[in-house]
file upload.txt (compact mmCIF, C-alpha atoms and all ligand atoms)
# COMPACT_ATOMS: atom_id res chain seq x y z
CA MET A 11 175.43 95.76 137.73
CA SER A 12 174.60 95.48 134.07
CA LYS A 13 178.14 95.52 132.81
CA PHE A 14 179.66 92.40 131.38
CA MET A 15 182.81 92.05 133.45
CA LEU A 16 182.19 91.77 137.15
CA THR A 17 184.69 92.47 139.89
CA CYS A 18 185.11 89.76 142.55
CA LYS A 19 183.28 92.02 144.95
CA GLU A 20 180.25 92.27 142.65
CA ALA A 21 180.47 88.58 141.80
CA SER A 22 180.44 87.61 145.49
CA ARG A 23 177.35 89.67 146.09
CA LEU A 24 175.57 88.07 143.10
CA THR A 25 176.78 84.65 144.19
CA SER A 26 174.94 85.20 147.45
CA GLU A 27 171.86 86.59 145.73
CA GLN A 28 171.45 83.58 143.46
CA PHE A 29 170.63 81.57 146.62
CA ASP A 30 167.69 83.86 147.35
CA ARG A 31 166.24 84.96 144.04
CA LYS A 32 166.39 84.23 140.34
CA LEU A 33 169.01 86.50 138.77
CA GLY A 34 168.27 88.46 135.62
CA VAL A 35 169.67 86.91 132.44
CA GLY A 36 172.42 89.51 132.13
CA GLN A 37 173.48 89.10 135.76
CA TRP A 38 173.34 85.34 135.51
CA LEU A 39 175.53 85.27 132.40
CA ALA A 40 178.02 87.75 133.83
CA LEU A 41 178.26 85.70 137.01
CA ARG A 42 178.72 82.40 135.15
CA MET A 43 181.44 84.00 133.05
CA HIS A 44 183.22 85.36 136.13
CA LEU A 45 182.97 82.07 138.04
CA ARG A 46 184.44 80.19 135.10
CA LEU A 47 187.47 82.48 134.99
CA CYS A 48 187.98 83.23 138.67
CA GLN A 49 189.25 80.54 141.03
CA GLY A 50 188.59 82.56 144.19
CA CYS A 51 184.96 83.31 143.38
CA SER A 52 184.20 79.76 142.28
CA ARG A 53 185.55 78.61 145.67
CA VAL A 54 183.31 81.13 147.38
CA ASN A 55 180.38 79.81 145.34
CA ARG A 56 181.09 76.23 146.48
CA GLN A 57 181.54 77.42 150.06
CA PHE A 58 178.13 79.14 150.00
CA GLN A 59 176.59 75.94 148.60
CA PHE A 60 178.20 73.97 151.40
CA LEU A 61 176.93 76.48 153.94
CA ARG A 62 173.37 75.89 152.74
CA ARG A 63 173.75 72.10 153.17
CA ALA A 64 175.32 72.56 156.60
CA MET A 65 172.56 74.90 157.80
CA SER A 66 169.86 72.50 156.65
CA GLN A 67 171.40 69.80 158.87
CA MET A 68 171.96 71.99 161.89
CA LEU A 69 168.76 71.05 163.65
CA ASP A 70 169.37 67.32 163.19
CA SER A 71 172.80 67.70 164.70
CA ALA A 72 171.29 69.43 167.76
CA ALA A 73 168.79 66.60 168.25
CA ASP A 74 171.50 63.96 167.96
CA LYS A 75 173.44 65.55 170.74
CA ASP A 76 170.56 65.71 173.24
CA GLY A 77 168.77 62.51 172.38
CA ALA A 78 170.12 59.59 174.38
CA GLU A 79 169.39 57.13 171.62
CA GLY A 80 170.41 59.51 168.84
CA GLY A 81 168.48 59.54 165.64
CA MET B 25 141.93 60.26 179.78
CA SER B 26 140.39 56.99 178.65
CA LYS B 27 142.39 53.90 177.79
CA ALA B 28 141.21 54.17 174.19
CA GLN B 29 142.75 57.62 173.82
CA GLU B 30 146.07 56.35 175.11
CA SER B 31 146.92 54.66 171.87
CA SER B 32 150.45 53.67 170.96
CA THR B 33 150.93 56.84 168.93
CA GLN B 34 149.92 59.05 171.84
CA VAL B 35 152.75 61.32 172.93
CA LYS B 36 153.48 61.48 176.65
CA SER B 37 154.57 64.69 178.33
CA HIS B 38 157.93 63.24 179.39
CA GLU B 39 158.61 62.41 175.72
CA LEU B 40 157.99 66.05 174.87
CA GLU B 41 160.31 67.22 177.66
CA GLU B 42 163.19 65.29 176.09
CA HIS B 43 163.09 67.71 173.19
CA ARG B 44 163.24 70.88 175.27
CA ALA B 45 166.99 71.40 174.90
CA SER B 46 167.08 71.05 171.13
CA LEU B 47 163.97 73.21 170.74
CA PHE B 48 165.63 75.85 172.88
CA LYS B 49 168.75 75.74 170.73
CA PHE B 50 166.62 76.08 167.60
CA ALA B 51 164.75 79.04 169.09
CA MET B 52 167.98 80.74 170.19
CA LEU B 53 169.37 80.61 166.65
CA HIS B 54 166.44 82.74 165.55
CA LEU B 55 165.65 84.89 168.55
CA ARG B 56 169.03 85.38 170.26
CA ASN B 57 167.25 86.14 173.50
CA GLU B 58 167.10 83.53 176.26
CA ALA B 59 163.89 84.77 177.87
CA GLN B 60 162.07 84.88 174.53
CA ALA B 61 163.48 81.50 173.51
CA GLU B 62 162.34 79.93 176.79
CA ASP B 63 158.89 81.45 176.33
CA VAL B 64 158.37 80.10 172.83
CA VAL B 65 159.63 76.64 173.83
CA GLN B 66 157.29 76.62 176.83
CA GLU B 67 154.37 77.68 174.63
CA THR B 68 155.29 75.00 172.11
CA LEU B 69 155.39 72.22 174.71
CA LEU B 70 152.09 73.40 176.20
CA ALA B 71 150.45 73.52 172.79
CA ALA B 72 151.85 70.08 172.03
CA MET B 73 150.46 68.62 175.27
CA GLN B 74 147.06 70.13 174.62
CA GLY B 75 147.08 68.88 171.07
CA ALA B 76 148.71 65.51 171.76
CA GLU B 77 145.72 63.63 170.34
CA LYS B 78 146.24 65.43 167.04
CA PHE B 79 149.72 64.05 166.69
CA ALA B 80 149.24 61.51 163.94
CA GLY B 81 152.42 59.56 164.47
CA ASN B 82 153.27 59.69 160.78
CA SER B 83 156.07 62.18 161.39
CA SER B 84 158.62 62.15 164.18
CA VAL B 85 157.73 63.92 167.43
CA ARG B 86 160.61 66.30 166.82
CA THR B 87 159.37 67.28 163.35
CA TRP B 88 155.93 67.88 164.78
CA LEU B 89 157.28 69.98 167.67
CA THR B 90 159.56 71.96 165.36
CA GLY B 91 156.56 72.76 163.17
CA ILE B 92 154.75 74.24 166.16
CA LEU B 93 157.87 76.03 167.33
CA LYS B 94 158.40 77.71 163.93
CA HIS B 95 155.01 79.37 164.21
CA LYS B 96 155.70 80.51 167.76
CA ILE B 97 159.09 81.94 166.72
CA LEU B 98 157.55 83.82 163.79
CA ASP B 99 154.87 85.25 166.10
CA GLN B 100 157.62 86.42 168.43
CA ILE B 101 159.69 87.93 165.60
CA ARG B 102 156.61 89.73 164.29
CA LYS B 103 155.82 91.07 167.75
CA SER B 104 159.34 92.30 168.48
CA SER B 105 159.95 93.73 165.01
CA ARG B 106 156.89 95.88 165.50
CA GLU B 107 158.33 97.06 168.81
CA ARG B 108 161.76 97.74 167.37
CA ALA B 109 160.58 99.00 163.99
CA ALA B 110 162.86 102.01 164.21
CA GLU B 111 165.95 99.87 164.80
CA ILE B 112 165.72 97.75 161.70
CA HIS B 113 167.01 100.13 159.09
CA TYR B 114 170.18 99.56 157.17
CA ASP B 115 171.82 101.72 154.61
CA GLU B 116 171.92 100.04 151.27
CA ASP B 117 175.61 100.05 150.55
CA SER B 118 176.64 98.50 153.84
CA SER B 119 178.12 95.54 151.97
CA GLU B 120 181.23 97.68 152.36
CA ASP B 121 182.03 95.82 155.57
CA PHE B 122 184.02 93.27 153.57
CA ASP B 123 186.05 95.91 151.70
CA ALA B 124 189.21 94.74 153.40
CA LEU B 125 189.00 91.45 151.48
CA PHE B 126 189.24 93.18 148.11
CA ASN B 127 191.90 95.28 146.46
CA GLU B 128 191.26 98.66 144.82
CA ARG B 129 190.12 96.93 141.61
CA GLY B 130 187.51 94.89 143.49
CA ALA B 131 189.41 91.60 143.16
CA TYR B 132 190.12 89.33 146.12
CA ALA B 133 193.35 90.55 147.73
CA ALA B 134 194.00 87.01 148.98
CA VAL B 135 192.40 84.20 146.97
CA PRO B 136 189.82 82.39 149.14
CA ALA B 137 191.11 78.98 150.22
CA GLU B 138 190.05 75.63 148.80
CA TRP B 139 187.96 73.57 151.26
CA GLY B 140 188.46 70.27 149.48
CA SER B 141 185.56 67.92 150.26
CA PRO B 142 183.81 69.96 152.94
CA ASP B 143 180.90 67.53 153.33
CA THR B 144 183.00 65.19 155.45
CA ALA B 145 182.62 67.85 158.16
CA LEU B 146 178.86 67.24 158.19
CA SER B 147 179.32 63.88 159.89
CA GLN B 148 181.37 65.43 162.68
CA LYS B 149 179.47 66.80 165.67
CA ASN B 150 182.24 69.24 166.56
CA PHE B 151 181.69 70.90 163.25
CA PHE B 152 178.14 71.93 164.15
CA GLU B 153 179.35 73.33 167.46
CA VAL B 154 181.79 75.51 165.53
CA LEU B 155 179.06 76.54 163.07
CA GLU B 156 176.80 77.43 165.97
CA ARG B 157 179.52 79.55 167.55
CA CYS B 158 180.06 81.27 164.21
CA MET B 159 176.30 81.99 164.06
CA GLN B 160 176.47 83.46 167.55
CA GLY B 161 179.20 85.80 166.36
CA LEU B 162 176.88 87.42 163.80
CA PRO B 163 174.94 90.57 164.65
CA ALA B 164 171.46 89.62 165.92
CA ASN B 165 169.43 90.79 162.92
CA THR B 166 171.86 89.27 160.45
CA ALA B 167 171.70 85.92 162.25
CA ARG B 168 167.91 86.08 162.51
CA VAL B 169 167.37 86.75 158.82
CA PHE B 170 169.90 84.07 157.86
CA ALA B 171 168.27 81.50 160.17
CA MET B 172 164.83 82.32 158.75
CA ARG B 173 166.20 81.80 155.26
CA GLU B 174 168.39 78.72 155.78
CA ILE B 175 166.86 76.90 158.74
CA MET B 176 163.18 77.73 158.38
CA GLY B 177 163.46 77.86 154.60
CA LEU B 178 161.39 81.05 154.21
CA ASP B 179 161.80 83.03 151.01
CA THR B 180 162.90 86.65 151.11
CA VAL B 181 159.37 87.92 150.49
CA GLU B 182 158.17 86.14 153.63
CA ILE B 183 161.19 87.34 155.61
CA CYS B 184 160.51 90.94 154.56
CA LYS B 185 156.91 90.57 155.66
CA GLU B 186 157.74 89.05 159.06
CA THR B 187 160.61 91.40 159.97
CA GLY B 188 159.67 94.61 158.19
CA ILE B 189 163.13 94.67 156.53
CA SER B 190 163.20 95.71 152.85
CA ALA B 191 164.13 93.16 150.18
CA THR B 192 167.37 95.01 149.43
CA ASN B 193 168.45 95.09 153.06
CA CYS B 194 167.45 91.49 153.42
CA GLY B 195 169.81 90.63 150.56
CA VAL B 196 172.58 92.65 152.20
CA LEU B 197 172.11 90.84 155.51
CA LEU B 198 172.13 87.42 153.83
CA TYR B 199 175.31 88.35 151.96
CA ARG B 200 176.96 89.53 155.17
CA ALA B 201 175.92 86.37 156.99
CA ARG B 202 177.31 84.10 154.26
CA MET B 203 180.58 86.01 153.97
CA ALA B 204 181.06 86.16 157.74
CA LEU B 205 180.25 82.47 158.24
CA ARG B 206 182.53 81.52 155.35
CA LEU B 207 185.40 83.43 156.95
CA CYS B 208 184.61 82.06 160.41
CA LEU B 209 184.49 78.44 159.19
CA ASP B 210 187.68 78.96 157.23
CA GLN B 211 189.43 80.23 160.33
CA ARG B 212 188.00 77.84 162.91
CA TRP B 213 187.52 74.67 160.91
CA PHE B 214 188.76 74.27 157.35
CA GLY B 215 191.92 76.30 157.76
CA ARG B 216 192.71 75.41 161.35
CA ASN B 217 195.71 73.25 160.41
CA ARG B 218 196.82 75.43 157.57
ZN ZN C 301 186.36 86.72 141.31
call {"tool": "encode", "arguments": {"input": "upload.txt", "output": "structure tokens"}}
result
Amino acid sequence: MSKFMLTCKEASRLTSEQFDRKLGVGQWLALRMHLRLCQGCSRVNRQFQFLRRAMSQMLDSAADKDGAEGG
Amino acid sequence: MSKAQESSTQVKSHELEEHRASLFKFAMLHLRNEAQAEDVVQETLLAAMQGAEKFAGNSSVRTWLTGILKHKILDQIRKSSRERAAEIHYDEDSSEDFDALFNERGAYAAVPAEWGSPDTALSQKNFFEVLERCMQGLPANTARVFAMREIMGLDTVEICKETGISATNCGVLLYRARMALRLCLDQRWFGRNR
């Protein structure tokens, strides 16, 4: 994936990977470029970001439901 | 037990029991096996009762219990991944499962929908029930790796070590989990009135 123009398919894969590892400079630049130009992929990027926030709150939501006094 | 030991920060066993259900839910997200989940929760509550004096009271009981539970879950994952070592192999280009979303040039065939301000969902309890159901719809190993990454907060190096899955396959599973959950949430939550 060293080429400059990414397809949405490649961009989606890199979008996921940036949540788990630091991308190489070339990949990072290509992804930024694609996200700037592509509405669909920038939505996917925001949806992945949201997913991370939601997952980090999942345990709290479980505790709220069981705990009588909430918290 | 002496009166002195029964300080105000001392945790009572019935207080621990109150957390059983949420601990079980937490364990199920990672283990996807009721018997194993019950075992690790039982071990956690036992360990907590034995170590109740060590509970400092500077974190919540739930945070403390979850900390113990994480270790028990990882022990269990380590144990069962050794037993199922042969199972956990994935071919590297299996990200093809989402091919249907893309056209022949690799562009999205249908542009993914806008979710607006999704964070308002985070204050709605129903939302987390939907998210949990979406998690349950993932294949077991995909869900396990994703939970280790996003709930336990382990990095991929640690996940590889605990599960015996290669870094590449780990990345594939995380991608699949994110794409599948995105589609599931779009269908069952954000796009339900579309
Ligand atoms: Zn795109």
call {"tool": "residues_near_ligand", "arguments": {"input": "upload.txt", "ligand": "ligand ZN 301 (chain C)", "cutoff": "8 Å", "atoms": "all atoms listed in the file", "output": "VMD selection string"}}
result
(chain A and resid 16 to 19 21 to 22 44 to 45 47 to 52) or (chain B and resid 131 to 132)
call {"tool": "closest_residue", "arguments": {"input": "upload.txt", "among": "A:Thr25, A:Leu69, A:Trp38, A:Asp30", "to": "Arg56 of chain A", "atoms": "only C-alpha atoms"}}
result
A:Thr25
call {"tool": "interface_residues", "arguments": {"input": "upload.txt", "of": "chain B", "to": "chain A", "cutoff": "8 Å", "atoms": "only C-alpha atoms", "output": "MDAnalysis selection string"}}
result
chainID B and resid 42:43 45:46 49:50 126 129:132 135:139 142:143 146 149 152 174:175 179:180 195 198:199 202 206
call {"tool": "atom_distance", "arguments": {"input": "upload.txt", "atom1": "atom CA of Leu69 of chain B", "atom2": "atom CA of Ser105 of chain B"}}
result
24.0 Å
call {"tool": "atom_distance", "arguments": {"input": "upload.txt", "atom1": "atom CA of Ala164 of chain B", "atom2": "atom CA of Leu55 of chain B"}}
result
7.9 Å
call {"tool": "residues_around", "arguments": {"input": "upload.txt", "residues": "segment 169-172 of chain B", "least_positions_apart": "5", "cutoff": "8 Å", "atoms": "only C-alpha atoms", "output": "VMD selection string"}}
result
chain B and resid 53 to 54 177 to 178 183 194 197 to 198 201
call {"tool": "axis_aligned_box", "arguments": {"input": "upload.txt", "around": "segment 119-130 of chain B", "padding_each_side": "5 Å", "output": "AutoDock Vina command-line options"}}
result
--center_x 185.0 --center_y 95.1 --center_z 148.6 --size_x 23.8 --size_y 17.2 --size_z 24.0
call {"tool": "atom_distance", "arguments": {"input": "upload.txt", "atom1": "atom CA of Asn127 of chain B", "atom2": "atom CA of Ala204 of chain B"}}
result
18.1 Å
call {"tool": "residues_around", "arguments": {"input": "upload.txt", "residues": "Gln60 of chain B", "least_positions_apart": "2", "cutoff": "12 Å", "atoms": "all atoms listed in the file", "output": "MDAnalysis selection string"}}
result
chainID B and resid 48:49 51:58 62:67 96:101 103:104
